[in-house]
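Have a look at the structure below, then the notes.
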Amino acid sequence: MTVADLLDRPLGVLRLSLTARCNLACPYCLPDGQEPSGLLSMEQRLQVAKAAVALGAKSLRLTGGEPLLYKELDELIGALQPLRREGLQEIALTSNGMLLSAERAQQLREAGLDRLTLSLDGTTGTSVAAMAGLADPAAGERALKQVLRAIEHARQAGFDPAQGALKLNAVIQRNRNAEQVLPLAQLCRQQGLELRLIEYMDVGNRNGWRRAEVVPAAEMVRTIGEQWPLEPLGRAGSSTANRWRYRDGRGCVAMVASVSEPFCGDCNRLRVTADGIAYTCLFAAPGSGVDLKPSLAAGRDQGDLEAALDQLWRQRADRYSEDRSRSATPPGAHAEMAYLGG
Ligand code: SAM
Ligand code: SF4
């Protein structure tokens with residue numbers, strides 16, 4: 001059974017945030033320094049995933065904060081495997097790659113992780129430091145080298161970019177790293193990776209978001225297309241990314257244009273925070289989520305949790321990004337992205 005919301009959008013993806021903490025402090029994200037109280041246990045996370053799958057979710061993305069900081073990650077991925085028999089089709093993870101050693105990549109693969117997206121916002125020490133909140137270009141250079149090693153470790157462990165199992169995310173922000181669009185595209189072409197360029201979004205309140213700092217996807221496509229001609233592939237239903245193919249056959253590049261071309265119309269994503277609060281929109285107001293902990297308490301039935309999620313999804317009518325585009329009124333407060341799960 002797949003539950004649909006008031007705008008007839010079926011549930012398809014669960015984004016599970018495993019921690020609100022991070023080992024970086026990207027200024028466009030600015031995660032919390034500590035965990036919220038009432039963190040879910042691994043068993044409770046499994047219950048949440050099971051309930052989402054029962055309601056139609058086919059894809060699970062583990063995120064944060066930095067999910068590699070979560071100690072029971074491999075165990076959780078292993079324990080999620082039986083859900084494949086109940087309709088789960090893929091388990092993916094988004095990470096900044098700072099803790100991805102060869103051994104860690106191998107363990108994730110062996111535990112049953114299907115796809116890995118690493119994040120890197122520049123190809124120089126200066127740009128990486130500016131985007132990752134690091135002290136100086138030397139620290140940026142070290143982080144850059146580590147992510148390049150992480151890409152190699154992931155590839156060696158069997159996350160094959162040609163099968164879409166390894167991709168690179170990059171946030172682009174005007175006056176910070178906009179000049180990195182071409183170098184990042186070049187790096188990914190050389191590495192055989194699909195690059196996903198993400199428009200700087202107004203998630204959270206700490207980043208002091210201004211629309212003037214958004215580099216629209218159309219501009220990034222133009223920049224890359226002038227260097228390496230592109231052919232549009234479009235956006236697959238419910239996906240966040242509009243994809244383009246390099247005409248010379250050197251792979252694809254994707255744009256996540258949540259600000260300039262919102263895709264709320266077919267959004268199928270449910271988010272559950274590390275402390276068990278369910279949200280249906282990345283741009284939700286803090287405190288507006290539904291606390292699943294009462295339904296997860298000892299002695300409660302799995303059916304209670306399913307009913308809570310079912311009710312939440314059926315009542316869903318949010319489409320913040322589209323409203324933002326239509327409305328002249330300034331947006332209200334947003335929950336932070338690292339807390340909600342990016
Ligand atoms: N720490 C992991 C990482 O950085 O990949 C996972 C969590 S992070 C919140 C997930 C993704 O959200 C990253 O690719 C990050 O670049 C992106 N992100 C965070 N804040 C953003 C913002 N304000 N606008 C656009 N993308 C953002
Ligand atoms: Fe950490 Fe990811 Fe947020 Fe950067 S984007 S601060 S790596 S959670």
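Scheme for the structure tokens: letters A, B, ... for chains in order shown; per-chain residue numbers from 1; ligand numbers from 1 in order shown.
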Write out as a tab-separated table (two decimals) with N, CA and C atoms, in the first residue's frame each polymer residue whose atoms come within 10 Å of Gln190 in chain A, counting only C-alpha atoms; drop sequence neighbours fewer than 5 positions from it.
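around.tsv written:
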chain	number	residue	atom	x	y	z
A	184	LEU	N	34.99	21.95	-10.89
A	184	LEU	CA	34.32	20.77	-10.32
A	184	LEU	C	33.80	19.86	-11.44
A	185	ALA	N	33.28	20.50	-12.49
A	185	ALA	CA	32.79	19.69	-13.62
A	185	ALA	C	33.96	18.93	-14.24
A	250	ARG	N	31.24	12.08	-22.20
A	250	ARG	CA	31.96	11.95	-20.92
A	250	ARG	C	31.01	12.06	-19.73
A	251	GLY	N	29.89	11.35	-19.77
A	251	GLY	CA	29.00	11.27	-18.60
A	251	GLY	C	27.96	12.37	-18.52
If you run DSSP over the backbone, which residues in range 133-337 of chain A end up strand (DSSP E or B)? Put them as a PDB file with C-alpha atoms, in the first residue's frame.
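Output contents, as saved in result.pdb:
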ATOM      1  CA  LEU A 166      28.890   7.037  -6.446  1.00  0.00           C
ATOM      2  CA  LYS A 167      28.142  10.734  -7.050  1.00  0.00           C
ATOM      3  CA  LEU A 168      29.462  14.085  -5.933  1.00  0.00           C
ATOM      4  CA  ASN A 169      27.325  16.896  -4.448  1.00  0.00           C
ATOM      5  CA  ALA A 170      28.501  20.504  -4.579  1.00  0.00           C
ATOM      6  CA  VAL A 171      26.690  23.567  -3.255  1.00  0.00           C
ATOM      7  CA  ILE A 172      27.431  26.689  -5.268  1.00  0.00           C
ATOM      8  CA  GLN A 173      27.218  30.096  -3.620  1.00  0.00           C
ATOM      9  CA  GLU A 194      28.171  12.474 -11.910  1.00  0.00           C
ATOM     10  CA  LEU A 195      28.350  15.961 -10.388  1.00  0.00           C
ATOM     11  CA  ARG A 196      25.201  17.312  -8.741  1.00  0.00           C
ATOM     12  CA  LEU A 197      25.394  21.092  -8.499  1.00  0.00           C
ATOM     13  CA  ILE A 198      23.025  22.316  -5.775  1.00  0.00           C
ATOM     14  CA  GLU A 199      21.612  25.825  -5.658  1.00  0.00           C
ATOM     15  CA  VAL A 214      22.020  31.853  -5.321  1.00  0.00           C
ATOM     16  CA  LEU A 230      25.340  19.587 -23.063  1.00  0.00           C
ATOM     17  CA  GLU A 231      22.115  17.854 -23.995  1.00  0.00           C
ATOM     18  CA  PRO A 232      19.137  17.909 -21.575  1.00  0.00           C
ATOM     19  CA  LEU A 233      17.920  14.601 -20.158  1.00  0.00           C
ATOM     20  CA  GLY A 234      15.209  16.124 -17.937  1.00  0.00           C
ATOM     21  CA  ARG A 235      14.205  15.283 -14.390  1.00  0.00           C
ATOM     22  CA  ASN A 242      17.620  17.829 -13.579  1.00  0.00           C
ATOM     23  CA  ARG A 243      20.218  15.929 -15.595  1.00  0.00           C
ATOM     24  CA  TRP A 244      22.339  16.848 -18.627  1.00  0.00           C
ATOM     25  CA  ARG A 245      24.532  14.661 -20.788  1.00  0.00           C
ATOM     26  CA  TYR A 246      27.903  15.779 -22.120  1.00  0.00           C
ATOM     27  CA  CYS A 252      26.365  13.508 -17.065  1.00  0.00           C
ATOM     28  CA  VAL A 253      25.984  16.514 -14.803  1.00  0.00           C
ATOM     29  CA  ALA A 254      22.915  17.284 -12.674  1.00  0.00           C
ATOM     30  CA  MET A 255      21.392  20.438 -11.181  1.00  0.00           C
ATOM     31  CA  VAL A 256      19.343  20.579  -7.994  1.00  0.00           C
ATOM     32  CA  ARG A 269      10.253  12.645   0.665  1.00  0.00           C
ATOM     33  CA  LEU A 270       9.603  12.089   4.362  1.00  0.00           C
ATOM     34  CA  ARG A 271      12.296  13.200   6.832  1.00  0.00           C
ATOM     35  CA  VAL A 272      12.874  11.863  10.315  1.00  0.00           C
ATOM     36  CA  ILE A 277      10.634  14.053  14.750  1.00  0.00           C
ATOM     37  CA  ALA A 278       8.987  13.534  11.365  1.00  0.00           C
ATOM     38  CA  TYR A 279       8.866  16.405   8.865  1.00  0.00           C
ATOM     39  CA  VAL A 290       5.443  15.251  14.566  1.00  0.00           C
ATOM     40  CA  ASP A 291       7.210  13.523  17.451  1.00  0.00           C
TER      41      ASP A 291
END
- request: Could you give me the residues within 6 Å of ligand 1, counting only C-alpha atoms and all ligand atoms, as a PyMOL selection string?
  value: chain A and resi 28-29+63-66+94-96+118-119+169-171+198-203+337-338+341-342
task: Run DSSP on the backbone and grab whatever in range 83-327 of chain A lands in helix (DSSP H, G or I); send it over as a PyMOL selection string.
output: chain A and resi 83-86+102-111+125-132+137-157+161-163+178-191+211-213+217-227+264-266+293-296+302-314+320-326
query: What lies within 9 Å of Gln315 in chain A using only C-alpha atoms, ignoring chain neighbours under 5 positions off, as a ChimeraX atom specification?
result: /A:5-6,310
Next, write the just-selected residues to a file, as a tab-separated table (two decimals), in the first residue's frame, keeping N, CA and C atoms as the atom set.
chain	number	residue	atom	x	y	z
A	5	ASP	N	-0.64	12.05	-0.29
A	5	ASP	CA	-0.99	13.23	0.50
A	5	ASP	C	-2.12	14.02	-0.15
A	6	LEU	N	-2.43	15.20	0.39
A	6	LEU	CA	-3.56	15.98	-0.10
A	6	LEU	C	-3.35	16.48	-1.53
A	310	ASP	N	1.18	7.55	8.69
A	310	ASP	CA	0.11	7.55	7.69
A	310	ASP	C	-0.70	8.85	7.81
field: Shell around range 101-108 of chain A at 12 Å using only C-alpha atoms, local window under 3 positions removed, as a VMD selection string
entry: chain A and resid 62 67 to 69 71 to 78 91 to 93 95 97 to 98 111 to 116 118 146 to 159 166
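Residue nearest Phe283 in chain A within the list A:Pro137, A:Gly249, A:Gly332, A:Pro183: A:Gly332 [criterion: smallest interatomic distance, only C-alpha atoms].
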message: Just want the 10 Å neighbourhood of Val48 in chain A, counted on only C-alpha atoms, with same-chain residues fewer than 4 positions away dropped. Output as a count of residues only.
response: 19
Polymer residues at most 8 Å from range 7-11 of chain A, only C-alpha atoms, same-chain spacing of 5 or more positions, as a PyMOL selection string: chain A and resi 2+55-57+265-270+313+316-317
message: as a list in words, please: the residues near Glu261 in chain A (cut-off 9 Å, only C-alpha atoms, same-chain neighbours under 3 positions excluded).
response: Pro216, Ala217, Val256, Ala257, Ser258, Ser321, Glu322 and Ser325 of chain A
Restricted to N, CA and C atoms, what would the selected residues look like written as a JSON list (two decimals), in the first residue's frame?
[["chain", "number", "residue", "atom", "x", "y", "z"],
["A", 216, "PRO", "N", 21.73, 30.57, -10.14],
["A", 216, "PRO", "CA", 20.67, 29.74, -10.71],
["A", 216, "PRO", "C", 21.23, 28.61, -11.59],
["A", 217, "ALA", "N", 20.53, 27.48, -11.56],
["A", 217, "ALA", "CA", 20.97, 26.31, -12.33],
["A", 217, "ALA", "C", 21.19, 26.67, -13.79],
["A", 256, "VAL", "N", 20.44, 20.61, -8.96],
["A", 256, "VAL", "CA", 19.34, 20.58, -7.99],
["A", 256, "VAL", "C", 18.89, 22.03, -7.84],
["A", 257, "ALA", "N", 17.81, 22.37, -8.56],
["A", 257, "ALA", "CA", 17.41, 23.77, -8.70],
["A", 257, "ALA", "C", 16.19, 24.08, -7.83],
["A", 258, "SER", "N", 16.35, 23.83, -6.55],
["A", 258, "SER", "CA", 15.20, 23.95, -5.65],
["A", 258, "SER", "C", 14.71, 25.40, -5.53],
["A", 321, "SER", "N", 8.84, 25.50, -1.61],
["A", 321, "SER", "CA", 9.67, 26.13, -2.65],
["A", 321, "SER", "C", 8.81, 26.80, -3.72],
["A", 322, "GLU", "N", 7.68, 26.17, -4.04],
["A", 322, "GLU", "CA", 6.80, 26.80, -5.04],
["A", 322, "GLU", "C", 6.17, 28.05, -4.45],
["A", 325, "SER", "N", 8.48, 30.95, -4.52],
["A", 325, "SER", "CA", 8.62, 31.57, -5.84],
["A", 325, "SER", "C", 7.45, 32.49, -6.15]]
field: From A:Ala79, A:Val215, A:Leu39, A:Leu88, residue lying nearest Glu179 in chain A [only C-alpha atoms]
entry: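 For Glu179 in chain A, the nearest of the given residues is A:Val215.
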